[in-house]
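Peer 1: Before I ask anything, let me first share the structure, which is written out below as C-alpha cells.
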Protein chains: 2
Amino acid sequence: MVVRELELIAELRELLRGRDARVVRWLGDDAAVVRSRGYAVTSLDTMVDGVHFRSGELTPSQIGHRALAGALSDLAAMGAEPGEAYLALGLPSGSDADATRELICGAATLARECAVTIAGGDVTRAASLSLSFTVVGWVEDPGELVGRGGARPGDLVGVTGALGGSGAGLALLDAAVGEGGRAGAGSALGSVVGAGTASELHRRYATPLPRLRAGRALALAGASAMIDISDGLATDAAHIAQASGCVLDLSLSAVPLAPGVTELATALEQSPAVFATEAGEDYELCFCAPPQARAAIESALAALDDAWPAVSWIGRVVPGEPAGARFDGGPQQLAGYEHQL
Amino acid sequence: MVVRELELIAELRELLRGRDARVVRWLGDDAAVVRSRGYAVTSLDTMVDGVHFRSGELTPSQIGHRALAGALSDLAAMGAEPGEAYLALGLPSGSDADATRELICGAATLARECAVTIAGGDVTRAASLSLSFTVVGWVEDPGELVGRGGARPGDLVGVTGALGGSGAGLALLDAAVGEGGRAGAGSALGSVVGAGTASELHRRYATPLPRLRAGRALALAGASAMIDISDGLATDAAHIAQASGCVLDLSLSAVPLAPGVTELATALEQSPAVFATEAGEDYELCFCAPPQARAAIESALAALDDAWPAVSWIGRVVPGEPAGARFDGGPQQLAGYEHQL
C-alpha cells in the first residue's frame, strides 16, 4: 500500500508512544518541549539510499536502526547521556506504507534500548529514501565531555571492540546480491567464514550498536580526546590529530580485527587492513588518554556488564607536523564520503 | 567549481564563525554543546528541491534563508526564544561550490538577524538539493509556551500580518519563468500590480520572516493555541481545531490579504481566497485567545517596533463534531503536502 501521509503520521504517533517524563510536549505540536539539564549535546547524521546504504541490501527495520545508531554514535563519542532524537524522513513517491512503518519500528526499538525518546520530526517527499536524525544528549557539566582536540603527546591511543566487521559484512552482502541472494550468511563467500560468523559480520553492518555506555565510561575515566569510527580508523584518527595539533602514531598489527575479517579479506584478495582502517561504519570508539589513566579505563570498560567492548591500545600520540594519523610510520590514508561540519 | 567536501566544510566553518557565548563547543566536534535554560523547544523542517521550491526560481541565498525561516517559524508558533540551528544539507553530485557558499550565507544572515547560532550539521551527497534545519529554542517555564491544543469554545481566532502574499509571489515567479524571465517583478503578470508590489510579493515568497517576536508577544499576552501558517490557513486552522477538539468558525471576508493579491488573483481568474487560505508558506501566525485577552494582544503586537505584524480577528472557536476549520459555515478544505509528525 502506498503511503498516505496524514494516515502515516497518525500511525507513527502510535508507534512512537511511550516517552520519557522529561518530554512535556512532543509529536503533534509545532515543536517538542523537553525539560533540560545543564548542557545540551546535539549532533546530526544523515543517511541517503544509494549513498550510505542500498535499500535492496537492508530490511526497512535495519535502515531505521542503522540511521539512528549512526547519529547516537556521535553522542557516545562525546561521552554524553542520550536524551531525544528527531527524524527528518524523506520518502520517494510511491513508498510502501508497511515498509515505512517497519523502518520507524527499527529506529524506535533501538531508541528504547538506548533510553532515547523519538520526540519529533517531519516527513517529506524526496527523490531518494533519506533519514536525517538529530540527536540530543545531556550532561550536568561540560567538563565531563570529551572532544576531538584534547590529545597530547605522550597519550596512548585506544579503540573499543574490534574493527573491520562492518566492512566485511557489507562485502558479504554485496557478494550475496551478486549471487542473486539476499542475506549475507547464505552466500558462497559467507561459507569461507561459516554461517555463525557471517551472520555476526552482517549484523555489525546492518544493525551496529552505538557505544553509549563505553563512551560515557571513557569520558569519566579520563579519555583526553575521542571520536566514533564512522569514516574508518585512518580518517577518524586523523580528525583527532588535526583537532589536537599532533600526530597519532598507530600500529596496524595492534588494530583488533573482528572475527572472520582476515579470512574474508584473504578470500577477496584484499588486505584485512582495508576493512579495519578504511571501510568505516564500525561505530566503535577511538580515543586518547594519558598513560596514568590506562588502568582506570581498562577497569571501567571491563565493568560494563555487556562484557564488550574491550579495549585495545593501538598507538601513541607524538608531536609532529603536519598533524595527522599514520600507521607504522607510513603516510596517512584518507577515505570516506561524509563529514561532520 | 564543483564542491569538494572537505574544503567546503572548512569554508563553512569560516562562514558560520560568530556564535552565542552559550555555545561552548560547536562545528568541528562530534556534537555541539550548548548551556541550557529550563526547557528546550525543538522543531525540524525540511525543504527539498522540486518539492518545496524549485532551485531555478530562487537564488541559493534565498533557498538557504527560506529553509531556516520555515524551521524558525515553528519556534515562533510556540512562543519560544530561538537559540541554535543545525543543518542537514544534501547536495547533488556536481553542486557548485560558490552556490553552496551563497546558500549557507543566506541562512547565516537570517540566523544572525534572529540571534540564532548555526551550531552544527552535516553535508551529504543526495539525489536532490535538500535542507533540513533542526532548530532549538529555550524557555524557563513551559507554561509560557502555546501549543495547538489549547483553544476553547468562545475564544477569538486571530492572524498576524496579511495572507496570500507568498502564494501570489510564487504565481508571479511561475509566470516569469513561463515567459523566460527570472525575477517576478519584470513579468507581464507583475505589471498588473506594479513593480513595487510585485517585488514585495516576491520577497514574501522568497525570503519570508519568521514571526519570532510576535509569537513570543502572543504567548505572553494570553494566546490559548497557536500555529504558523505554512500549509495554508485552512489546513493549519484545522490542526488547531483537531488538537483542541473544537471547530474554528472563520469568516473569509475577515482574512487579511497582502497588497496585490486580489488584483493578481483576478488576472489569473482565481479566487483571492485560494492564495490566502490554501497556498500557505506565508509563515504568519494563526492563534486563538479568550476575548478578555484581546486588548492585551492588540497592544502587545502594536508595541513591536517593526510596526508589523498587525492582528486581524477572523473568527471564533465553537463546539462541534468533527473538529475542524470552516469558512462562513462551509466545509473545511485541506491542502498541503508536508506535515509535522
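How things are named: the first chain in the C-alpha cells is A, the next is B, and so on; residues count from 1 in each chain; ligands count from 1 in the order shown.
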If we count only C-alpha atoms, what is near region 319-329 of chain B at a cut-off of 6 Å, once residues fewer than 6 positions away on the same chain are taken out, given as a ChimeraX atom specification?
Peer 2: /B:153,237-238,241-242,245-252
Peer 1: Near chain A, which residues of chain B fall within 7 Å when you count only C-alpha atoms, and what do they look like as JSON, numbers by chain?
Peer 2: {"B": [9, 27, 28, 29, 30, 31, 32, 33, 34, 35, 36, 37, 38, 39, 40, 41, 42, 43, 44, 45, 46, 48, 51, 74, 75, 77, 78, 88, 120, 121, 122, 123, 124, 125, 126, 127, 128, 147, 148, 227, 338, 339, 340, 341]}
Peer 1: Using only C-alpha atoms, which of the listed residues (B:Gly280, B:Val159, B:Glu57, B:Val274) sits closest to Leu173 (chain B)?
Peer 2: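 Using only C-alpha atoms, Leu173 (chain B) sits closest to B:Glu57.
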Peer 1: Give me, as a list in words, all polymer residues having an atom no more than 7 Å from Leu301 (chain A), counting only C-alpha atoms and skipping those fewer than 2 positions away in the same chain.
Peer 2: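 Contacts, with the query itself left out: Ala214, Ala217, Ile297, Glu298, Ser299, Ala303, Leu304, Pro309 and Ala310 of chain A.
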Peer 1: Quick one: residues within 12 Å of region 190-204 of chain B, only C-alpha atoms, excluding same-chain residues fewer than 6 positions away - as number ranges by chain?
Peer 2: B: 57-59, 62, 65-66, 69, 161-176, 179, 181-184, 210, 257-268, 275, 280-284
Peer 1: Please produce a file of the residues just selected, as a short mmCIF file (atom, residue, chain, number, x, y, z; two decimals), in the first residue's frame, where the atoms kept are N, CA and C atoms.
Peer 2:
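What ended up in selection-v1.cif:
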data_model
loop_
_atom_site.label_atom_id
_atom_site.label_comp_id
_atom_site.auth_asym_id
_atom_site.auth_seq_id
_atom_site.Cartn_x
_atom_site.Cartn_y
_atom_site.Cartn_z
N GLU B 57 14.01 28.92 -9.55
CA GLU B 57 13.20 30.10 -9.25
C GLU B 57 13.73 30.93 -8.09
N LEU B 58 14.71 30.41 -7.38
CA LEU B 58 15.24 31.13 -6.22
C LEU B 58 16.77 31.19 -6.33
N THR B 59 17.37 32.22 -5.78
CA THR B 59 18.82 32.25 -5.69
C THR B 59 19.25 31.30 -4.56
N GLN B 62 18.48 32.80 -1.23
CA GLN B 62 17.07 32.72 -0.86
C GLN B 62 16.70 31.31 -0.39
N HIS B 65 17.95 31.00 3.18
CA HIS B 65 17.12 31.82 4.06
C HIS B 65 15.77 31.14 4.31
N ARG B 66 15.15 30.72 3.21
CA ARG B 66 13.79 30.22 3.28
C ARG B 66 13.69 28.93 4.11
N ALA B 69 14.02 29.94 7.71
CA ALA B 69 12.82 30.68 8.13
C ALA B 69 11.67 29.71 8.42
N GLY B 161 -0.30 39.83 10.51
CA GLY B 161 0.09 40.25 9.17
C GLY B 161 -0.99 40.07 8.13
N ALA B 162 -0.60 39.68 6.93
CA ALA B 162 -1.54 39.52 5.83
C ALA B 162 -1.19 38.25 5.09
N LEU B 163 -2.20 37.63 4.50
CA LEU B 163 -2.01 36.31 3.89
C LEU B 163 -2.08 36.37 2.36
N GLY B 164 -1.61 35.32 1.75
CA GLY B 164 -1.72 35.18 0.29
C GLY B 164 -0.53 35.75 -0.46
N GLY B 165 0.32 36.52 0.24
CA GLY B 165 1.44 37.16 -0.44
C GLY B 165 2.44 36.15 -0.99
N SER B 166 2.69 35.10 -0.22
CA SER B 166 3.67 34.11 -0.66
C SER B 166 3.17 33.35 -1.89
N GLY B 167 1.90 32.93 -1.83
CA GLY B 167 1.32 32.22 -2.98
C GLY B 167 1.28 33.11 -4.21
N ALA B 168 0.96 34.40 -4.01
CA ALA B 168 0.94 35.33 -5.15
C ALA B 168 2.35 35.55 -5.68
N GLY B 169 3.33 35.61 -4.78
CA GLY B 169 4.73 35.76 -5.20
C GLY B 169 5.18 34.57 -6.02
N LEU B 170 4.76 33.37 -5.61
CA LEU B 170 5.11 32.17 -6.37
C LEU B 170 4.45 32.17 -7.75
N ALA B 171 3.19 32.61 -7.79
CA ALA B 171 2.49 32.69 -9.08
C ALA B 171 3.23 33.65 -10.02
N LEU B 172 3.71 34.76 -9.46
CA LEU B 172 4.50 35.71 -10.27
C LEU B 172 5.77 35.05 -10.80
N LEU B 173 6.44 34.32 -9.93
CA LEU B 173 7.67 33.64 -10.34
C LEU B 173 7.39 32.62 -11.43
N ASP B 174 6.34 31.82 -11.23
CA ASP B 174 6.00 30.81 -12.22
C ASP B 174 5.70 31.46 -13.57
N ALA B 175 4.98 32.60 -13.52
CA ALA B 175 4.64 33.31 -14.76
C ALA B 175 5.91 33.84 -15.43
N ALA B 176 6.82 34.40 -14.61
CA ALA B 176 8.06 34.95 -15.17
C ALA B 176 8.89 33.85 -15.81
N GLU B 179 7.57 32.97 -19.04
CA GLU B 179 7.91 33.96 -20.06
C GLU B 179 9.41 33.97 -20.35
N GLY B 181 11.77 34.67 -18.19
CA GLY B 181 12.50 35.61 -17.32
C GLY B 181 12.90 34.95 -16.03
N ARG B 182 13.27 35.74 -15.05
CA ARG B 182 13.65 35.16 -13.76
C ARG B 182 12.95 35.85 -12.60
N ALA B 183 13.24 37.15 -12.40
CA ALA B 183 12.65 37.85 -11.27
C ALA B 183 11.16 38.09 -11.51
N GLY B 184 10.38 38.00 -10.43
CA GLY B 184 8.94 38.17 -10.55
C GLY B 184 8.54 39.56 -10.99
N PRO B 210 10.34 34.75 9.87
CA PRO B 210 9.62 34.05 10.95
C PRO B 210 9.17 35.06 12.00
N LEU B 257 -5.73 40.24 3.34
CA LEU B 257 -4.98 39.88 2.14
C LEU B 257 -3.79 40.81 1.97
N ALA B 258 -2.67 40.25 1.56
CA ALA B 258 -1.50 41.08 1.27
C ALA B 258 -1.80 41.96 0.05
N PRO B 259 -1.24 43.18 0.02
CA PRO B 259 -1.48 44.08 -1.12
C PRO B 259 -1.11 43.41 -2.43
N GLY B 260 -2.01 43.49 -3.40
CA GLY B 260 -1.74 42.93 -4.72
C GLY B 260 -2.34 41.56 -4.94
N VAL B 261 -2.73 40.88 -3.86
CA VAL B 261 -3.23 39.51 -4.00
C VAL B 261 -4.54 39.49 -4.79
N THR B 262 -5.44 40.42 -4.47
CA THR B 262 -6.73 40.45 -5.15
C THR B 262 -6.56 40.71 -6.65
N GLU B 263 -5.76 41.71 -6.99
CA GLU B 263 -5.54 42.05 -8.41
C GLU B 263 -4.90 40.89 -9.16
N LEU B 264 -3.93 40.26 -8.53
CA LEU B 264 -3.23 39.16 -9.18
C LEU B 264 -4.15 37.96 -9.38
N ALA B 265 -4.93 37.64 -8.34
CA ALA B 265 -5.86 36.51 -8.44
C ALA B 265 -6.87 36.78 -9.55
N THR B 266 -7.36 38.00 -9.62
CA THR B 266 -8.33 38.36 -10.65
C THR B 266 -7.72 38.17 -12.04
N ALA B 267 -6.47 38.63 -12.22
CA ALA B 267 -5.81 38.49 -13.52
C ALA B 267 -5.62 37.02 -13.88
N LEU B 268 -5.46 36.17 -12.86
CA LEU B 268 -5.28 34.73 -13.10
C LEU B 268 -6.61 33.98 -13.10
N PHE B 275 -5.25 31.90 -2.64
CA PHE B 275 -3.92 32.33 -2.18
C PHE B 275 -3.90 32.50 -0.66
N GLY B 280 -0.51 28.75 1.38
CA GLY B 280 0.40 28.54 2.51
C GLY B 280 1.72 29.29 2.35
N GLU B 281 2.66 28.93 3.23
CA GLU B 281 4.02 29.48 3.23
C GLU B 281 4.09 30.98 3.48
N ASP B 282 3.03 31.55 4.06
CA ASP B 282 3.12 32.95 4.48
C ASP B 282 3.90 33.07 5.78
N TYR B 283 3.96 32.01 6.54
CA TYR B 283 4.67 31.99 7.83
C TYR B 283 4.21 33.10 8.77
N GLU B 284 2.92 33.49 8.63
CA GLU B 284 2.29 34.30 9.67
C GLU B 284 1.78 33.35 10.75
#
Peer 1: Report, in Å to a single decimal, how far apart CA of Gly150 (chain B) and CA of Pro256 (chain B) are.
Peer 2: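 CA of Pro256 (chain B) sits 23.7 Å away from CA of Gly150 (chain B).
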Peer 1: Can you list every residue in region 4-223 of chain A that DSSP puts in alpha helix (DSSP H), as a PyMOL selection string?
Peer 2: chain A and resi 5-15+60-78+97-113+165-178+195-206+212-221
Peer 1: Would you mind exporting C-alpha atoms of the selected residues as an mmCIF file, in the first residue's frame?
Peer 2:
data_model
loop_
_atom_site.group_PDB
_atom_site.id
_atom_site.type_symbol
_atom_site.label_atom_id
_atom_site.label_comp_id
_atom_site.auth_asym_id
_atom_site.auth_seq_id
_atom_site.Cartn_x
_atom_site.Cartn_y
_atom_site.Cartn_z
ATOM 1 C CA GLU A 5 0.976 10.975 4.582
ATOM 2 C CA LEU A 6 -1.655 12.097 7.070
ATOM 3 C CA GLU A 7 -2.549 8.491 7.883
ATOM 4 C CA LEU A 8 1.094 7.592 8.155
ATOM 5 C CA ILE A 9 1.724 10.390 10.612
ATOM 6 C CA ALA A 10 -1.188 9.302 12.793
ATOM 7 C CA GLU A 11 0.218 5.775 12.816
ATOM 8 C CA LEU A 12 3.725 6.919 13.560
ATOM 9 C CA ARG A 13 2.461 8.679 16.657
ATOM 10 C CA GLU A 14 1.076 5.356 17.810
ATOM 11 C CA LEU A 15 4.326 3.553 17.020
ATOM 12 C CA PRO A 60 13.456 -1.307 6.337
ATOM 13 C CA SER A 61 13.865 -2.075 10.040
ATOM 14 C CA GLN A 62 17.649 -2.275 9.630
ATOM 15 C CA ILE A 63 17.661 1.018 7.710
ATOM 16 C CA GLY A 64 15.827 2.752 10.565
ATOM 17 C CA HIS A 65 18.064 1.180 13.219
ATOM 18 C CA ARG A 66 21.269 1.982 11.345
ATOM 19 C CA ALA A 67 20.436 5.648 10.759
ATOM 20 C CA LEU A 68 19.662 6.246 14.438
ATOM 21 C CA ALA A 69 22.718 4.252 15.527
ATOM 22 C CA GLY A 70 24.964 6.418 13.368
ATOM 23 C CA ALA A 71 23.635 9.577 14.991
ATOM 24 C CA LEU A 72 23.746 8.237 18.559
ATOM 25 C CA SER A 73 27.322 7.116 17.974
ATOM 26 C CA ASP A 74 28.331 10.807 17.901
ATOM 27 C CA LEU A 75 26.865 11.259 21.385
ATOM 28 C CA ALA A 76 28.806 8.180 22.516
ATOM 29 C CA ALA A 77 31.974 9.808 21.180
ATOM 30 C CA MET A 78 31.350 12.879 23.356
ATOM 31 C CA ALA A 97 3.378 2.155 3.960
ATOM 32 C CA ASP A 98 4.248 -1.170 5.605
ATOM 33 C CA ALA A 99 7.925 -0.696 4.816
ATOM 34 C CA THR A 100 7.810 2.828 6.240
ATOM 35 C CA ARG A 101 6.217 1.554 9.435
ATOM 36 C CA GLU A 102 8.898 -1.139 9.704
ATOM 37 C CA LEU A 103 11.596 1.477 9.245
ATOM 38 C CA ILE A 104 10.184 3.580 12.073
ATOM 39 C CA CYS A 105 9.847 0.474 14.257
ATOM 40 C CA GLY A 106 13.500 -0.369 13.665
ATOM 41 C CA ALA A 107 14.535 3.079 14.860
ATOM 42 C CA ALA A 108 12.014 3.052 17.734
ATOM 43 C CA THR A 109 13.275 -0.300 19.018
ATOM 44 C CA LEU A 110 16.878 0.908 19.132
ATOM 45 C CA ALA A 111 15.702 4.158 20.722
ATOM 46 C CA ARG A 112 14.005 2.227 23.522
ATOM 47 C CA GLU A 113 17.100 0.082 24.077
ATOM 48 C CA GLY A 165 33.351 -6.238 10.865
ATOM 49 C CA SER A 166 31.029 -3.747 9.228
ATOM 50 C CA GLY A 167 33.090 -3.543 6.025
ATOM 51 C CA ALA A 168 33.329 -7.323 5.904
ATOM 52 C CA GLY A 169 29.565 -7.585 6.476
ATOM 53 C CA LEU A 170 28.954 -5.241 3.565
ATOM 54 C CA ALA A 171 31.311 -7.261 1.360
ATOM 55 C CA LEU A 172 29.283 -10.376 2.228
ATOM 56 C CA LEU A 173 26.055 -8.574 1.365
ATOM 57 C CA ASP A 174 27.442 -7.316 -1.943
ATOM 58 C CA ALA A 175 28.608 -10.837 -2.782
ATOM 59 C CA ALA A 176 25.219 -12.333 -1.872
ATOM 60 C CA VAL A 177 23.413 -9.763 -4.027
ATOM 61 C CA GLY A 178 25.849 -10.582 -6.855
ATOM 62 C CA ALA A 195 27.317 -19.237 8.901
ATOM 63 C CA GLY A 196 27.627 -18.021 12.502
ATOM 64 C CA THR A 197 30.477 -15.626 11.820
ATOM 65 C CA ALA A 198 28.920 -14.460 8.546
ATOM 66 C CA SER A 199 25.716 -13.691 10.385
ATOM 67 C CA GLU A 200 27.582 -11.706 13.066
ATOM 68 C CA LEU A 201 29.502 -9.711 10.415
ATOM 69 C CA HIS A 202 26.215 -8.972 8.686
ATOM 70 C CA ARG A 203 24.752 -7.788 11.985
ATOM 71 C CA ARG A 204 27.691 -5.450 12.530
ATOM 72 C CA TYR A 205 26.982 -3.777 9.219
ATOM 73 C CA ALA A 206 23.178 -3.832 9.324
ATOM 74 C CA LEU A 212 26.974 4.927 24.536
ATOM 75 C CA ARG A 213 27.904 3.294 27.839
ATOM 76 C CA ALA A 214 31.510 2.800 26.770
ATOM 77 C CA GLY A 215 31.747 6.437 25.681
ATOM 78 C CA ARG A 216 30.414 7.668 28.996
ATOM 79 C CA ALA A 217 32.749 5.343 30.902
ATOM 80 C CA LEU A 218 35.765 6.500 28.866
ATOM 81 C CA ALA A 219 34.893 10.148 29.448
ATOM 82 C CA LEU A 220 34.637 9.649 33.206
ATOM 83 C CA ALA A 221 37.808 7.510 33.344
#
Peer 1: What is the CA of Arg54 (chain B) to CA of Leu285 (chain B) distance in Å?
Peer 2: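 CA of Leu285 (chain B) lies at a distance of 24.8 Å from CA of Arg54 (chain B).
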Peer 1: Name the closest residue to Leu16 (chain A) among the candidates A:Ser95, A:Thr160, A:Ser312, A:Thr117; distances are taken between atoms, counting only C-alpha atoms.
Peer 2: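 Checking each of A:Ser95, A:Thr160, A:Ser312, A:Thr117 against Leu16 (chain A), counting only C-alpha atoms, the winner is A:Thr117.
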Peer 1: Tell me, which residues of region 142-275 of chain A carry DSSP strand (DSSP E or B), written as an NGL selection string?
Peer 2: :A and (156-160 or 163 or 225-228 or 247-250 or 257)
